[in-house]
Amino acid sequence: MKTVKKLWFEDERIYIETVRGEVQSQPMRFFPRLRQATDGQRSEWTESHFGLHWENMDEDIRFESFTWGDNDPLTLYHQV
């Protein structure tokens with residue numbers, strides 16, 4: 001399980017920094033609810049065993065998605 005020390009949004013990306021000092025990011029185009037949200041809405045996140053959750057937007061991001069780089073999640077699911 002990752003433990004997020006810091007989460008921020010910059011240049012159309014969502015970034016996390018773990019307590020181990022790892023910095024990972026994902027393009028915001030994969031998360032339209034977060035992309036449209038206000039800074040206040042984005043700041044109301046919680047961490048779960050599997051990832052990040054925004055109750056006020058019903059949005060979840062799994063930690064594993066941060067390892068996909070800029071690949072479109074839909075194409076990753078359809079690869080054999």
# chains A, B, ... in the order shown; residues from 1 in each chain; ligands from 1
call {"tool": "select_by_dssp", "arguments": {"residues": "chain A", "states": "helix (DSSP H, G or I)", "output": "list in words"}}
result
Met28, Arg29, Phe30, Pro32, Arg33, Leu34, Arg35, Gln36, Asp39, Gly40, Gln41, Arg42, Glu55, Asn56, Met57, Phe63, Glu64, Ser65, Phe66, Thr67, Pro73, Leu74, Thr75, Leu76 and Tyr77 of chain A
call {"tool": "residues_around", "arguments": {"residues": "Met28 of chain A", "least_positions_apart": "4", "cutoff": "8 Å", "atoms": "only C-alpha atoms", "output": "mmCIF file with N, CA and C atoms, in the first residue's frame"}}
result
data_model
loop_
_atom_site.group_PDB
_atom_site.id
_atom_site.type_symbol
_atom_site.label_atom_id
_atom_site.label_comp_id
_atom_site.auth_asym_id
_atom_site.auth_seq_id
_atom_site.Cartn_x
_atom_site.Cartn_y
_atom_site.Cartn_z
ATOM 1 N N GLU A 12 -2.285 20.380 -16.100
ATOM 2 C CA GLU A 12 -3.223 19.360 -16.572
ATOM 3 C C GLU A 12 -2.847 17.935 -16.147
ATOM 4 N N ARG A 13 -2.206 17.812 -14.976
ATOM 5 C CA ARG A 13 -1.830 16.506 -14.427
ATOM 6 C C ARG A 13 -2.175 16.471 -12.946
ATOM 7 N N ILE A 14 -2.392 15.266 -12.436
ATOM 8 C CA ILE A 14 -2.523 15.047 -11.000
ATOM 9 C C ILE A 14 -1.237 14.353 -10.547
ATOM 10 N N PRO A 32 -12.269 13.262 -15.943
ATOM 11 C CA PRO A 32 -13.036 14.472 -16.271
ATOM 12 C C PRO A 32 -13.700 15.141 -15.068
ATOM 13 N N LEU A 34 -12.546 15.330 -11.993
ATOM 14 C CA LEU A 34 -11.507 16.110 -11.316
ATOM 15 C C LEU A 34 -11.073 17.306 -12.154
ATOM 16 N N ARG A 35 -11.038 17.118 -13.441
ATOM 17 C CA ARG A 35 -10.628 18.197 -14.344
ATOM 18 C C ARG A 35 -11.598 19.378 -14.253
#
call {"tool": "select_by_dssp", "arguments": {"residues": "chain A", "states": "strand (DSSP E)", "output": "list in words"}}
result
Val4, Lys5, Lys6, Leu7, Trp8, Phe9, Glu10, Arg13, Ile14, Tyr15, Ile16, Glu17, Thr18, Val23, Gln24, Ser25, Gln26, Pro27, Thr46, Glu47, Gly51, Leu52, His53, Trp54, Glu59, Asp60, Ile61 and Arg62 of chain A
call {"tool": "write_last_selection", "arguments": {"atoms": "C-alpha atoms", "output": "mmCIF file, in the first residue's frame"}}
result
data_model
loop_
_atom_site.group_PDB
_atom_site.id
_atom_site.type_symbol
_atom_site.label_atom_id
_atom_site.label_comp_id
_atom_site.auth_asym_id
_atom_site.auth_seq_id
_atom_site.Cartn_x
_atom_site.Cartn_y
_atom_site.Cartn_z
ATOM 1 C CA VAL A 4 0.486 9.658 0.013
ATOM 2 C CA LYS A 5 2.405 12.493 1.609
ATOM 3 C CA LYS A 6 1.306 15.152 -0.895
ATOM 4 C CA LEU A 7 -1.213 15.459 -3.742
ATOM 5 C CA TRP A 8 -1.344 18.357 -6.193
ATOM 6 C CA PHE A 9 -2.584 19.406 -9.634
ATOM 7 C CA GLU A 10 -0.333 21.157 -12.144
ATOM 8 C CA ARG A 13 -1.830 16.506 -14.427
ATOM 9 C CA ILE A 14 -2.523 15.047 -11.000
ATOM 10 C CA TYR A 15 0.610 14.326 -8.945
ATOM 11 C CA ILE A 16 1.228 12.306 -5.832
ATOM 12 C CA GLU A 17 4.308 12.089 -3.656
ATOM 13 C CA THR A 18 4.584 9.074 -1.382
ATOM 14 C CA VAL A 23 6.586 11.227 -7.358
ATOM 15 C CA GLN A 24 4.095 9.930 -9.907
ATOM 16 C CA SER A 25 1.494 11.603 -12.100
ATOM 17 C CA GLN A 26 -1.389 11.010 -14.477
ATOM 18 C CA PRO A 27 -2.915 13.257 -17.167
ATOM 19 C CA THR A 46 -9.064 10.611 1.262
ATOM 20 C CA GLU A 47 -6.706 7.700 0.904
ATOM 21 C CA GLY A 51 -6.064 4.521 -3.958
ATOM 22 C CA LEU A 52 -7.531 7.984 -3.691
ATOM 23 C CA HIS A 53 -11.188 8.887 -3.227
ATOM 24 C CA TRP A 54 -13.212 12.085 -3.610
ATOM 25 C CA GLU A 59 -14.302 9.742 -7.994
ATOM 26 C CA ASP A 60 -11.697 7.058 -7.344
ATOM 27 C CA ILE A 61 -8.158 6.648 -8.671
ATOM 28 C CA ARG A 62 -6.326 3.398 -8.034
#
call {"tool": "atom_distance", "arguments": {"atom1": "atom CA of Arg42 of chain A", "atom2": "atom CA of Glu55 of chain A"}}
result
10.2 Å
call {"tool": "closest_residue", "arguments": {"among": "A:Ser48, A:Ser65, A:Ser43, A:Asn56", "to": "Phe30 of chain A", "atoms": "only C-alpha atoms"}}
result
A:Ser65
call {"tool": "atom_distance", "arguments": {"atom1": "atom CA of His49 of chain A", "atom2": "atom CA of Thr3 of chain A"}}
result
8.9 Å
call {"tool": "decode", "arguments": {"residues": "segment 12-46 of chain A", "atoms": "N, CA and C atoms", "output": "CSV table (one decimal), in the first residue's frame"}}
result
chain,number,residue,atom,x,y,z
A,12,GLU,N,-2.3,20.4,-16.1
A,12,GLU,CA,-3.2,19.4,-16.6
A,12,GLU,C,-2.8,17.9,-16.1
A,13,ARG,N,-2.2,17.8,-15.0
A,13,ARG,CA,-1.8,16.5,-14.4
A,13,ARG,C,-2.2,16.5,-12.9
A,14,ILE,N,-2.4,15.3,-12.4
A,14,ILE,CA,-2.5,15.0,-11.0
A,14,ILE,C,-1.2,14.4,-10.5
A,15,TYR,N,-0.6,14.9,-9.5
A,15,TYR,CA,0.6,14.3,-8.9
A,15,TYR,C,0.4,13.8,-7.5
A,16,ILE,N,1.1,12.8,-7.2
A,16,ILE,CA,1.2,12.3,-5.8
A,16,ILE,C,2.7,12.1,-5.5
A,17,GLU,N,3.0,12.4,-4.2
A,17,GLU,CA,4.3,12.1,-3.7
A,17,GLU,C,4.1,11.2,-2.5
A,18,THR,N,4.8,10.0,-2.5
A,18,THR,CA,4.6,9.1,-1.4
A,18,THR,C,5.5,9.4,-0.2
A,19,VAL,N,5.3,8.8,0.9
A,19,VAL,CA,6.2,9.0,2.0
A,19,VAL,C,7.6,8.5,1.7
A,20,ARG,N,7.8,7.6,0.8
A,20,ARG,CA,9.1,7.1,0.3
A,20,ARG,C,9.8,8.1,-0.6
A,21,GLY,N,9.1,9.2,-1.0
A,21,GLY,CA,9.7,10.2,-1.9
A,21,GLY,C,9.4,9.9,-3.4
A,22,GLU,N,8.6,8.9,-3.7
A,22,GLU,CA,8.3,8.7,-5.1
A,22,GLU,C,7.3,9.7,-5.6
A,23,VAL,N,7.5,10.3,-6.8
A,23,VAL,CA,6.6,11.2,-7.4
A,23,VAL,C,6.1,10.6,-8.6
A,24,GLN,N,4.7,10.5,-8.7
A,24,GLN,CA,4.1,9.9,-9.9
A,24,GLN,C,3.0,10.8,-10.3
A,25,SER,N,2.6,10.8,-11.6
A,25,SER,CA,1.5,11.6,-12.1
A,25,SER,C,0.7,10.9,-13.2
A,26,GLN,N,-0.5,11.5,-13.4
A,26,GLN,CA,-1.4,11.0,-14.5
A,26,GLN,C,-2.0,12.2,-15.2
A,27,PRO,N,-2.2,12.2,-16.5
A,27,PRO,CA,-2.9,13.3,-17.2
A,27,PRO,C,-4.3,13.4,-16.7
A,28,MET,N,-4.8,14.7,-16.5
A,28,MET,CA,-6.1,14.9,-16.1
A,28,MET,C,-7.2,14.5,-17.1
A,29,ARG,N,-6.8,14.3,-18.3
A,29,ARG,CA,-7.8,13.9,-19.3
A,29,ARG,C,-8.5,12.6,-19.0
A,30,PHE,N,-7.9,11.8,-18.2
A,30,PHE,CA,-8.4,10.5,-17.8
A,30,PHE,C,-9.5,10.7,-16.6
A,31,PHE,N,-9.5,11.9,-16.0
A,31,PHE,CA,-10.4,12.1,-14.9
A,31,PHE,C,-11.2,13.3,-15.1
A,32,PRO,N,-12.3,13.3,-15.9
A,32,PRO,CA,-13.0,14.5,-16.3
A,32,PRO,C,-13.7,15.1,-15.1
A,33,ARG,N,-14.1,14.4,-14.1
A,33,ARG,CA,-14.8,15.0,-12.9
A,33,ARG,C,-13.7,15.8,-12.2
A,34,LEU,N,-12.5,15.3,-12.0
A,34,LEU,CA,-11.5,16.1,-11.3
A,34,LEU,C,-11.1,17.3,-12.2
A,35,ARG,N,-11.0,17.1,-13.4
A,35,ARG,CA,-10.6,18.2,-14.3
A,35,ARG,C,-11.6,19.4,-14.3
A,36,GLN,N,-12.9,19.1,-14.1
A,36,GLN,CA,-13.9,20.1,-14.0
A,36,GLN,C,-14.1,20.7,-12.6
A,37,ALA,N,-13.5,20.0,-11.6
A,37,ALA,CA,-13.8,20.4,-10.2
A,37,ALA,C,-13.0,21.7,-9.8
A,38,THR,N,-13.5,22.3,-8.8
A,38,THR,CA,-12.9,23.5,-8.2
A,38,THR,C,-11.7,23.0,-7.4
A,39,ASP,N,-10.8,23.9,-7.0
A,39,ASP,CA,-9.7,23.6,-6.1
A,39,ASP,C,-10.2,23.1,-4.8
A,40,GLY,N,-11.3,23.6,-4.3
A,40,GLY,CA,-11.9,23.2,-3.0
A,40,GLY,C,-12.4,21.8,-3.1
A,41,GLN,N,-13.0,21.4,-4.2
A,41,GLN,CA,-13.5,20.0,-4.4
A,41,GLN,C,-12.3,19.1,-4.5
A,42,ARG,N,-11.3,19.5,-5.2
A,42,ARG,CA,-10.1,18.6,-5.4
A,42,ARG,C,-9.4,18.4,-4.1
A,43,SER,N,-9.5,19.3,-3.2
A,43,SER,CA,-8.7,19.2,-1.9
A,43,SER,C,-9.4,18.3,-0.9
A,44,GLU,N,-10.6,17.8,-1.2
A,44,GLU,CA,-11.3,17.0,-0.2
A,44,GLU,C,-11.2,15.5,-0.6
A,45,TRP,N,-10.0,15.0,-0.6
A,45,TRP,CA,-9.7,13.6,-0.9
A,45,TRP,C,-9.3,12.8,0.3
A,46,THR,N,-9.5,11.5,0.2
A,46,THR,CA,-9.1,10.6,1.3
A,46,THR,C,-8.3,9.5,0.6
